[in-house]
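Reading through the structure tokens given below for one structure.
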Amino acid sequence: MSFTRALSFTGAAVAQSSRRHPLTKRNLASAFHTSAWRNKSCVVEWGYGSTDRKVFESDSVIPTGPNKTWIAAGASHRLIALSGESETGILGEGMNHSGQLGNGIREEGSTFSAIDTSGLDILGMACGREHSMLLAKPQSEDPSAPDQDAKTLLFGFGNSMYGQLGLGGSKDTLSKEFAGQDVEGFVFEPSPTSVELPDPSENVVQVQCGLDHTVLRTDQGNLYSMGWGADGQLGLGENSSSDRAVPTLIERLSFKARGKEVGKVRDISSSTDFTLALLDNNQIWIWGNSEYGQCMLNKKIDRILEPIHIPHPIPESEVIKAVAAGGTFGLLLTESGKVYTCGYGALGLGRDKTQILMPEQIPSLSNIRKIVANTDYAAAINDKGELFTWGTCGETGRLGHGEFGHCFEPKRVKMPQELEGQSVFVHEVALGQDGGLAVVELDP
């Protein structure tokens, strides 16, 4: 098995550049391995039914800076975006039956692929259950003087049965597609395809994927959503729980609508069926599924169809820095590096506390700088670059602890290089439903 070149991007003009070299074919055995470290930085992978922690190495794995490596993980697929001098492109690994790896084809079974991103600077990636989103901008002709005003480009690929790619195709257009009729978008889109906003003057600056929906944040302070809406995960209003196949304005938190009443959103987080939003004024808002009490309102709400404000649920002295939405729980990170959790599951508070309706601090975590959550588990990175995970595991190995057991309190994830005496610093982590990835620097 080897990485293969993919089709070019569709629906958007992408300038080609010779400044970087596209990904070339490589042997699978040399792509992911468990020993013989050659490079200063790498991507470590774990889970997906294995207790092993595998390593991907390349000169183009860059932990920080404008050309940094991006990672994203879905239910059974994961993506690594490289923007180095020796290689540039997106590596895909895992299931591809919906085209979620973006290499232009759909295929059964687990596989590896590559997308050529020549001419693009990658700004972010996100993965849902079987769909993927890519945020980028055209590459500047002069790398020393990047074009700050360049319009961002959003691409979607994979499954759009509920309209989660925002291309117009969904289960509602599937019969027309099978009949050979013209449709706005396909239900399965195996090539990265441009997603257009209703207002072309807006730039997408953040994208988040739930299982079968997508949420976008723009530079003008507006939020858009598309995909599955049965649990209110689109946030479109009290009378709206239907799906949407194109980006649709979330009026309650958008500056061009009622969002001016409350302030501008600076961060969003979604991984499953609900979304947390953090505003510039440090307010927290929530919408979507809340049947497990993850709404932090001291009660369970079956579904929240429109964003609602969560009154400051932690001590007033604490300033909230970031939010992370799992499936049955939510996390809050404070400026002081504390982590608070709320909802149901292995919350990090011990085996005897698996349901709480108001946020409680996870006492074993301190000096945390980043939090990430997925359906049933979570991760945190402290200021020393140490990675901790906790949650349920089953037969996935997704906690990265080298075993299949659940973990009710945060536990350190040891990287393979540490077993040979090397020091490591974890810069980024991405969690999918069945496994995770981390960007790791060796001997920092």
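Residue numbers start at 1 in each chain; chains themselves are named A, B, ... in the order of the structure tokens; ligands are numbered from 1 in the order shown.
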So which bits of range 287-341 of chain A end up strand (DSSP E) when you DSSP the backbone, as a PyMOL selection string? chain A and resi 287-290+301-310+320-325+329-334+339-341
May I have the residues within 8 Å of range 219-225 of chain A as a ChimeraX atom specification, using only C-alpha atoms and disregarding those fewer than 4 positions away in the same chain? /A:202-205,213-215,234-235,244,246-251,253-256,259,264-265
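Of the listed residues (A:Thr375, A:Ser366, A:Asn67, A:Thr328), A:Thr375 comes nearest to Arg129 in chain A; the distances count only C-alpha atoms.
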Calculated over only C-alpha atoms, which of the candidates A:Asp199, A:Asp59, A:Glu93, A:Asp182 has the smallest distance to Glu441 in chain A?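 Selected residue with least distance to Glu441 in chain A: A:Asp59.
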List as a PyMOL selection string the protein and nucleic acid residues near Val413 in chain A, meaning an atom at most 12 Å away when only C-alpha atoms are counted, but skip any in the same chain fewer than 4 places from it. chain A and resi 44-46+51-53+379-381+385-390+397-403+407+417-419+424-426+429+436-438+440
8 Å contact set for Glu184 in chain A, only C-alpha atoms, chain neighbours under 3 positions out, as a list in words: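 Neighbouring residues, sequence-local ones excluded: Leu167, Gly168 and Gly169 of chain A.
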Contacts of Leu165 in chain A within 8 Å, only C-alpha atoms, excl. fewer than 2 positions in-chain, as number ranges by chain: A: 131-133, 156-160, 163, 167-168, 195, 213-214, 226-227, 245-246
